[in-house]
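Scroll down for the structure; my scribbles are underneath it.
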There are 2 protein chains.
Amino acid sequence: MSDRHSALTSPPANDRKGATSSRGATREQVDAAIRSGLLTGRFIPGKAVTIRGLATDLGVSPMPVREVLQRLAAENALEVKSNGRVQVPDMTPDRFDEVLKARLLLEPELAERSLEKLSKRDVKMLTTIDDEIDQCIISGDAEAYMRLNHAFHFHVYRASGSKVLLPLIDSLWLQFAPFMRTVYGRVGTAILVDQHKEAIRAIEQRDRDALRDAIVGDITDGMGLIGKEILETT
Amino acid sequence: MSDRHSALTSPPANDRKGATSSRGATREQVDAAIRSGLLTGRFIPGKAVTIRGLATDLGVSPMPVREVLQRLAAENALEVKSNGRVQVPDMTPDRFDEVLKARLLLEPELAERSLEKLSKRDVKMLTTIDDEIDQCIISGDAEAYMRLNHAFHFHVYRASGSKVLLPLIDSLWLQFAPFMRTVYGRVGTAILVDQHKEAIRAIEQRDRDALRDAIVGDITDGMGLIGKEILETT
DNA sequence: CGTGTCATTTTGTGATCACAAAATTCACCA
DNA sequence: TGGTGAATTTTGTGATCACAAAATGACACG
């Protein structure tokens, strides 16, 4: 067994300390790897995640993995079952509905707060990201789409400088992302509608309400309609 | 040094295995202890929290403490500095304002969703808690007040059965509780106004808007006015 | 009296180990 | 052939260790 579940980008045991080797560097690397894996849907909901498995995949000892798994469990991105087993939580209709409503509650709010902080440079960056998103939708690259969609939203939200709402939204994304990946895998990316252009226009025009509407539209279009899939497929 | 910082209820190395010894029991015990300590203000903001210190306080090995600290750091209840040191985050005006607004955004919403699930038995329980709260305000027992106030709010919120919003609110409480404790220590508990009675009445009458208003009032009264202390004392 | 330096202690981190519980495999029998 | 039991492997957990970085304190010097 040379290759494991291969949910991670598994650099072949490359232990180059050339990068930053400050305090807790290994843990941060593991954290970033697993987080990225969750956000791009490389982990399948319901599938068990083992400490030793991830450790060998990432070429580190089980120790930092244990801590990271606890962190992600605290953010409800992972679920620790009663037997200690860790897995990506299964999505239920109730949970899906709750995450959707929570997103609609928090994200337009934070986007509006970001509005005044967003510069022309940010608009340029967002436009670049959005262009790449268009290509991903056409080419059907779901993983890249998810990564870029996350980048787009959080580029906006991060501008707010929020230290409270932003982590909450982060938690929400970690919760629905793995499930959405399975949805895209089933229905494809063709059904995706790009609502980002209206958001960009709203930012350019400094229109608070229009930005809120664009975010709301993006969330409902991205999750709302295709999310109903779980009600029939299960 | 026999006694440490004594931020915990330090049972004298009582290793009673008599209780539940299921998987991860030690970690849960440590988690509950530290969480409770944060919510009742037994940890001072800005003060460093050491792994070995807590471990010896709780009579366990550093290992479960490490994991719990990571968990709480993920919830922004603790802060890991660049040198790896863990401390209770210092409150800043910006952060305080953000937490306050986030509470006003989430808690009335979840309270409203709880409304239909709350039974007469719950009203009875809430009334009992509120009576004890009154006594704490009179006697000036800030720690008991905080514990009961938390119990009151979360008894309402838990009824909603929420698995998404509830953890987010949990995170918010962990963030502001330690700071509020220092506020109460400075201005006393006499200034506290009890808004819970209106909440109870709203629940009895199944009045959604009244419940929202009561929760909003409780949050603003409890945090809003006295929170302005930090703007002058700093 | 203040200040910089050096030795000591404390602390976090990653690794490894031992153990128990759980899951898995597999042989054996009805 | 199908299921049931034990044997084996896997896995999480708590503890301990070694190491480096950081904090602390002592002490000498200006």
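Residues in the structure tokens are numbered from 1 in each chain, the chains being A, B, ... in the order shown, and ligands are numbered from 1 in the order shown.
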
Checklist entry - Would you list which chain A residues are within 7 Å of chain C using only C-alpha atoms (C1' of nucleotides), as a VMD selection string? => result chain A and resid 24 61 63

Go ahead and save the residues from that selection, with all heavy atoms, as a tab-separated table (two decimals), in the first residue's frame.
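Output file selection05.tsv follows:
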chain	number	residue	atom	x	y	z
A	24	GLY	N	5.22	25.69	16.53
A	24	GLY	CA	3.96	25.13	16.06
A	24	GLY	C	3.80	25.16	14.56
A	24	GLY	O	2.69	25.17	14.05
A	61	SER	N	4.25	13.14	12.75
A	61	SER	CA	3.85	12.23	13.81
A	61	SER	C	2.38	12.42	14.12
A	61	SER	O	1.78	13.43	13.77
A	61	SER	CB	4.68	12.49	15.06
A	61	SER	OG	3.96	13.24	15.99
A	63	MET	N	1.00	13.25	16.66
A	63	MET	CA	0.72	14.28	17.67
A	63	MET	C	0.09	15.55	17.12
A	63	MET	O	-0.98	15.95	17.59
A	63	MET	CB	2.00	14.60	18.44
A	63	MET	CG	1.80	15.46	19.65
A	63	MET	SD	0.61	14.77	20.80
A	63	MET	CE	1.27	13.12	20.90

Next on the checklist: Please find the residues of chain D near chain B - the criterion being any atom within 10 Å, counting only C-alpha atoms (C1' of nucleotides) - and write them as a list in words.
Outcome noted: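 Going by the stated atoms only, the list reads DG12, DT13, DG14, DA15, DT16, DA21 and DA22 of chain D.
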
Could the residues in this selection be written to a file with all heavy atoms, as a compact mmCIF listing (two decimals), in the first residue's frame?
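That gives us result16.txt:
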# COMPACT_ATOMS: atom_id res chain seq x y z
P DG D 12 -7.94 6.98 15.11
OP1 DG D 12 -8.84 7.86 14.35
OP2 DG D 12 -6.47 7.05 14.88
O5' DG D 12 -8.20 7.19 16.67
C5' DG D 12 -9.51 6.93 17.16
C4' DG D 12 -9.50 6.97 18.67
O4' DG D 12 -8.65 5.92 19.19
C3' DG D 12 -8.98 8.27 19.28
O3' DG D 12 -9.79 8.60 20.41
C2' DG D 12 -7.55 7.93 19.68
C1' DG D 12 -7.68 6.47 20.06
N9 DG D 12 -6.45 5.70 19.88
C8 DG D 12 -5.67 5.64 18.76
N7 DG D 12 -4.63 4.86 18.89
C5 DG D 12 -4.74 4.37 20.18
C6 DG D 12 -3.91 3.47 20.89
O6 DG D 12 -2.88 2.91 20.51
N1 DG D 12 -4.39 3.24 22.19
C2 DG D 12 -5.53 3.80 22.71
N2 DG D 12 -5.83 3.47 23.96
N3 DG D 12 -6.32 4.64 22.06
C4 DG D 12 -5.86 4.88 20.80
P DT D 13 -9.48 9.92 21.23
OP1 DT D 13 -10.76 10.41 21.79
OP2 DT D 13 -8.66 10.81 20.41
O5' DT D 13 -8.59 9.36 22.42
C5' DT D 13 -9.15 8.38 23.29
C4' DT D 13 -8.21 8.14 24.46
O4' DT D 13 -7.10 7.34 24.02
C3' DT D 13 -7.62 9.42 25.07
O3' DT D 13 -7.87 9.41 26.45
C2' DT D 13 -6.13 9.34 24.72
C1' DT D 13 -5.90 7.85 24.58
N1 DT D 13 -4.80 7.47 23.64
C2 DT D 13 -3.86 6.56 24.05
O2 DT D 13 -3.87 6.06 25.16
N3 DT D 13 -2.90 6.26 23.12
C4 DT D 13 -2.80 6.77 21.84
O4 DT D 13 -1.89 6.42 21.09
C5 DT D 13 -3.82 7.72 21.47
C7 DT D 13 -3.80 8.33 20.11
C6 DT D 13 -4.77 8.01 22.37
P DG D 14 -7.84 10.77 27.24
OP1 DG D 14 -9.01 10.81 28.12
OP2 DG D 14 -7.56 11.87 26.31
O5' DG D 14 -6.55 10.56 28.16
C5' DG D 14 -6.49 9.42 29.01
C4' DG D 14 -5.04 9.08 29.30
O4' DG D 14 -4.37 8.68 28.09
C3' DG D 14 -4.20 10.22 29.89
O3' DG D 14 -3.70 9.82 31.15
C2' DG D 14 -3.10 10.46 28.85
C1' DG D 14 -3.04 9.13 28.13
N9 DG D 14 -2.53 9.19 26.77
C8 DG D 14 -3.02 9.97 25.75
N7 DG D 14 -2.37 9.80 24.62
C5 DG D 14 -1.41 8.85 24.92
C6 DG D 14 -0.41 8.27 24.08
O6 DG D 14 -0.18 8.48 22.89
N1 DG D 14 0.36 7.34 24.78
C2 DG D 14 0.20 7.02 26.11
N2 DG D 14 1.03 6.10 26.62
N3 DG D 14 -0.74 7.56 26.90
C4 DG D 14 -1.50 8.46 26.24
P DA D 15 -2.88 10.85 32.04
OP1 DA D 15 -3.28 10.61 33.43
OP2 DA D 15 -3.00 12.20 31.45
O5' DA D 15 -1.38 10.36 31.84
C5' DA D 15 -1.06 8.97 32.04
C4' DA D 15 0.36 8.71 31.57
O4' DA D 15 0.41 8.74 30.12
C3' DA D 15 1.39 9.73 32.06
O3' DA D 15 2.36 9.08 32.87
C2' DA D 15 2.00 10.31 30.79
C1' DA D 15 1.64 9.28 29.73
N9 DA D 15 1.46 9.87 28.40
C8 DA D 15 0.52 10.80 28.03
N7 DA D 15 0.58 11.15 26.77
C5 DA D 15 1.63 10.39 26.27
C6 DA D 15 2.20 10.28 24.99
N6 DA D 15 1.77 11.00 23.94
N1 DA D 15 3.23 9.44 24.83
C2 DA D 15 3.66 8.73 25.88
N3 DA D 15 3.20 8.74 27.14
C4 DA D 15 2.18 9.59 27.26
P DT D 16 3.42 9.92 33.66
OP1 DT D 16 3.69 9.16 34.90
OP2 DT D 16 2.99 11.33 33.72
O5' DT D 16 4.71 9.84 32.73
C5' DT D 16 5.09 8.59 32.18
C4' DT D 16 6.17 8.80 31.12
O4' DT D 16 5.59 9.28 29.89
C3' DT D 16 7.26 9.82 31.51
O3' DT D 16 8.54 9.21 31.40
C2' DT D 16 7.08 10.94 30.51
C1' DT D 16 6.46 10.22 29.32
N1 DT D 16 5.64 11.10 28.43
C2 DT D 16 5.94 11.14 27.09
O2 DT D 16 6.83 10.49 26.58
N3 DT D 16 5.12 11.97 26.36
C4 DT D 16 4.08 12.75 26.83
O4 DT D 16 3.44 13.46 26.08
C5 DT D 16 3.83 12.67 28.24
C7 DT D 16 2.74 13.47 28.86
C6 DT D 16 4.61 11.85 28.96
P DA D 21 15.58 26.88 18.45
OP1 DA D 21 15.59 26.89 16.97
OP2 DA D 21 16.83 27.12 19.21
O5' DA D 21 14.49 27.92 18.95
C5' DA D 21 13.11 27.60 18.84
C4' DA D 21 12.34 28.22 19.99
O4' DA D 21 12.57 27.46 21.21
C3' DA D 21 12.73 29.66 20.29
O3' DA D 21 11.56 30.46 20.35
C2' DA D 21 13.42 29.59 21.67
C1' DA D 21 12.74 28.37 22.28
N9 DA D 21 13.54 27.69 23.30
C8 DA D 21 14.82 27.22 23.18
N7 DA D 21 15.28 26.65 24.27
C5 DA D 21 14.23 26.73 25.16
C6 DA D 21 14.08 26.31 26.49
N6 DA D 21 15.04 25.68 27.18
N1 DA D 21 12.91 26.56 27.11
C2 DA D 21 11.94 27.19 26.42
N3 DA D 21 11.96 27.64 25.16
C4 DA D 21 13.15 27.37 24.58
P DA D 22 11.69 32.05 20.29
OP1 DA D 22 10.79 32.52 19.23
OP2 DA D 22 13.12 32.44 20.31
O5' DA D 22 11.07 32.44 21.71
C5' DA D 22 9.94 31.71 22.17
C4' DA D 22 9.85 31.80 23.67
O4' DA D 22 10.84 30.94 24.29
C3' DA D 22 10.10 33.20 24.24
O3' DA D 22 8.99 33.59 25.00
C2' DA D 22 11.35 33.05 25.10
C1' DA D 22 11.31 31.58 25.46
N9 DA D 22 12.63 30.99 25.77
C8 DA D 22 13.73 30.94 24.98
N7 DA D 22 14.76 30.34 25.54
C5 DA D 22 14.29 29.96 26.78
C6 DA D 22 14.90 29.28 27.87
N6 DA D 22 16.16 28.86 27.85
N1 DA D 22 14.16 29.07 28.98
C2 DA D 22 12.89 29.51 28.98
N3 DA D 22 12.20 30.16 28.03
C4 DA D 22 12.98 30.36 26.94

Next on the checklist: Using only C-alpha atoms and a distance of at most 7 Å, pull out the residues of chain A that contact chain B, as an MDAnalysis selection string.
Outcome noted: chainID A and resid 23:24 67 70:71 74:75 82:84 95 98:99 102 163:165 168

Filtering to N, CA and C atoms, could you give me those residues as an mmCIF file, in the first residue's frame?
data_model
loop_
_atom_site.group_PDB
_atom_site.id
_atom_site.type_symbol
_atom_site.label_atom_id
_atom_site.label_comp_id
_atom_site.auth_asym_id
_atom_site.auth_seq_id
_atom_site.Cartn_x
_atom_site.Cartn_y
_atom_site.Cartn_z
ATOM 1 N N ARG A 23 7.411 28.335 16.079
ATOM 2 C CA ARG A 23 6.711 27.504 17.050
ATOM 3 C C ARG A 23 5.396 26.997 16.479
ATOM 4 N N GLY A 24 5.221 25.692 16.529
ATOM 5 C CA GLY A 24 3.963 25.126 16.061
ATOM 6 C C GLY A 24 3.803 25.159 14.561
ATOM 7 N N GLU A 67 -4.038 17.203 17.641
ATOM 8 C CA GLU A 67 -4.446 18.546 18.070
ATOM 9 C C GLU A 67 -5.300 19.233 17.002
ATOM 10 N N GLN A 70 -8.812 17.933 16.955
ATOM 11 C CA GLN A 70 -9.602 18.509 18.044
ATOM 12 C C GLN A 70 -10.057 19.917 17.688
ATOM 13 N N ARG A 71 -9.150 20.677 17.104
ATOM 14 C CA ARG A 71 -9.515 22.036 16.693
ATOM 15 C C ARG A 71 -10.686 22.011 15.728
ATOM 16 N N ALA A 74 -13.897 21.139 17.240
ATOM 17 C CA ALA A 74 -14.471 22.258 17.993
ATOM 18 C C ALA A 74 -15.212 23.218 17.070
ATOM 19 N N GLU A 75 -14.804 23.259 15.818
ATOM 20 C CA GLU A 75 -15.473 24.127 14.854
ATOM 21 C C GLU A 75 -16.592 23.392 14.134
ATOM 22 N N SER A 82 -18.812 8.618 19.707
ATOM 23 C CA SER A 82 -18.661 8.177 21.094
ATOM 24 C C SER A 82 -17.512 7.177 21.256
ATOM 25 N N ASN A 83 -17.185 6.485 20.188
ATOM 26 C CA ASN A 83 -16.074 5.537 20.268
ATOM 27 C C ASN A 83 -14.728 6.200 19.998
ATOM 28 N N GLY A 84 -14.746 7.507 19.858
ATOM 29 C CA GLY A 84 -13.510 8.223 19.655
ATOM 30 C C GLY A 84 -13.161 8.394 18.196
ATOM 31 N N ARG A 95 -29.806 19.971 9.404
ATOM 32 C CA ARG A 95 -28.529 20.653 9.515
ATOM 33 C C ARG A 95 -28.282 21.547 8.309
ATOM 34 N N GLU A 98 -30.232 24.631 8.608
ATOM 35 C CA GLU A 98 -29.684 25.534 9.631
ATOM 36 C C GLU A 98 -28.445 26.265 9.141
ATOM 37 N N VAL A 99 -27.572 25.536 8.466
ATOM 38 C CA VAL A 99 -26.365 26.172 7.949
ATOM 39 C C VAL A 99 -26.739 27.241 6.923
ATOM 40 N N ALA A 102 -28.074 30.224 8.695
ATOM 41 C CA ALA A 102 -27.002 30.906 9.425
ATOM 42 C C ALA A 102 -26.129 31.708 8.469
ATOM 43 N N LYS A 163 -12.809 39.955 13.710
ATOM 44 C CA LYS A 163 -12.171 38.871 14.448
ATOM 45 C C LYS A 163 -13.198 37.969 15.117
ATOM 46 N N VAL A 164 -14.454 38.291 14.950
ATOM 47 C CA VAL A 164 -15.510 37.540 15.633
ATOM 48 C C VAL A 164 -16.414 36.845 14.619
ATOM 49 N N LEU A 165 -17.024 37.634 13.751
ATOM 50 C CA LEU A 165 -17.936 37.055 12.768
ATOM 51 C C LEU A 165 -17.202 36.168 11.776
ATOM 52 N N LEU A 168 -16.779 32.610 12.760
ATOM 53 C CA LEU A 168 -18.061 31.910 12.773
ATOM 54 C C LEU A 168 -18.437 31.465 11.360
#

Checklist entry - Got a sec: who's within 9 Å of Ile133 (chain B), counting only C-alpha atoms (C1' of nucleotides), leaving out chain neighbours fewer than 5 positions off, as a list of chain:residue names? => result B:Thr128, B:Ile138, B:Ala144, B:Tyr145, B:Met146, B:Leu148, B:Asn149, B:Asp194

Checklist entry - as number ranges by chain, which residues of region 12-227 of chain A does DSSP assign to strand (DSSP E)? => result A: 48-49, 79-80, 86-87

Next on the checklist: Taking the DSSP secondary structure from the backbone, can you list the residues of region 16-218 of chain A that are helix (DSSP H, G or I), as an MDAnalysis selection string?
Outcome noted: chainID A and resid 25:39 51:58 62:74 93:115 120:139 142:159 165:187 196:204 208:218

Next on the checklist: Set the distance at 9 Å and use only C-alpha atoms (C1' of nucleotides): which residues neighbour Ile215 (chain B) once local chain neighbours fewer than 4 positions away are removed? I'd like the list as a list in words.
Outcome noted: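 Contacts, with the query itself left out: Leu104, Glu107, Pro108, Ala111, His153, Gln195, His196, Glu198, Ala199, Ala210, Leu211, Ile219 and Thr220 of chain B.
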
Any chance you could export the current selection's N, CA and C atoms as a PDB file, in the first residue's frame?
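Everything below was put into again.pdb:
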ATOM      1  N   LEU B 104     -26.457  40.027  19.311  1.00  0.00           N
ATOM      2  CA  LEU B 104     -27.761  40.583  18.956  1.00  0.00           C
ATOM      3  C   LEU B 104     -28.281  40.012  17.647  1.00  0.00           C
ATOM      4  N   GLU B 107     -28.658  35.520  18.923  1.00  0.00           N
ATOM      5  CA  GLU B 107     -29.416  35.004  20.062  1.00  0.00           C
ATOM      6  C   GLU B 107     -30.918  35.240  19.968  1.00  0.00           C
ATOM      7  N   PRO B 108     -31.372  36.425  19.557  1.00  0.00           N
ATOM      8  CA  PRO B 108     -32.824  36.558  19.402  1.00  0.00           C
ATOM      9  C   PRO B 108     -33.376  35.564  18.384  1.00  0.00           C
ATOM     10  N   ALA B 111     -33.531  32.162  20.017  1.00  0.00           N
ATOM     11  CA  ALA B 111     -34.571  32.168  21.052  1.00  0.00           C
ATOM     12  C   ALA B 111     -35.942  32.005  20.414  1.00  0.00           C
ATOM     13  N   HIS B 153     -29.928  31.387  29.703  1.00  0.00           N
ATOM     14  CA  HIS B 153     -29.935  31.600  28.252  1.00  0.00           C
ATOM     15  C   HIS B 153     -29.843  30.286  27.492  1.00  0.00           C
ATOM     16  N   GLN B 195     -33.672  41.198  33.144  1.00  0.00           N
ATOM     17  CA  GLN B 195     -34.577  41.252  32.006  1.00  0.00           C
ATOM     18  C   GLN B 195     -35.214  39.890  31.756  1.00  0.00           C
ATOM     19  N   HIS B 196     -34.879  38.939  32.620  1.00  0.00           N
ATOM     20  CA  HIS B 196     -35.319  37.574  32.336  1.00  0.00           C
ATOM     21  C   HIS B 196     -36.822  37.387  32.533  1.00  0.00           C
ATOM     22  N   GLU B 198     -39.255  39.274  31.754  1.00  0.00           N
ATOM     23  CA  GLU B 198     -40.007  39.563  30.532  1.00  0.00           C
ATOM     24  C   GLU B 198     -39.842  38.439  29.513  1.00  0.00           C
ATOM     25  N   ALA B 199     -38.671  37.836  29.506  1.00  0.00           N
ATOM     26  CA  ALA B 199     -38.469  36.705  28.603  1.00  0.00           C
ATOM     27  C   ALA B 199     -39.385  35.550  28.995  1.00  0.00           C
ATOM     28  N   ALA B 210     -42.047  39.610  21.509  1.00  0.00           N
ATOM     29  CA  ALA B 210     -41.728  39.984  22.885  1.00  0.00           C
ATOM     30  C   ALA B 210     -40.499  39.237  23.379  1.00  0.00           C
ATOM     31  N   LEU B 211     -40.368  37.979  22.957  1.00  0.00           N
ATOM     32  CA  LEU B 211     -39.186  37.211  23.374  1.00  0.00           C
ATOM     33  C   LEU B 211     -37.926  37.802  22.766  1.00  0.00           C
ATOM     34  N   ILE B 219     -29.347  41.464  26.542  1.00  0.00           N
ATOM     35  CA  ILE B 219     -27.981  41.554  26.024  1.00  0.00           C
ATOM     36  C   ILE B 219     -27.462  42.980  26.135  1.00  0.00           C
ATOM     37  N   THR B 220     -28.281  43.923  25.695  1.00  0.00           N
ATOM     38  CA  THR B 220     -27.825  45.314  25.714  1.00  0.00           C
ATOM     39  C   THR B 220     -27.651  45.820  27.140  1.00  0.00           C
TER      40      THR B 220
END

Checklist entry - So what do you get for CA of Thr189 (chain B) versus CA of Gly41 (chain B), distance-wise? => result 13.7 Å
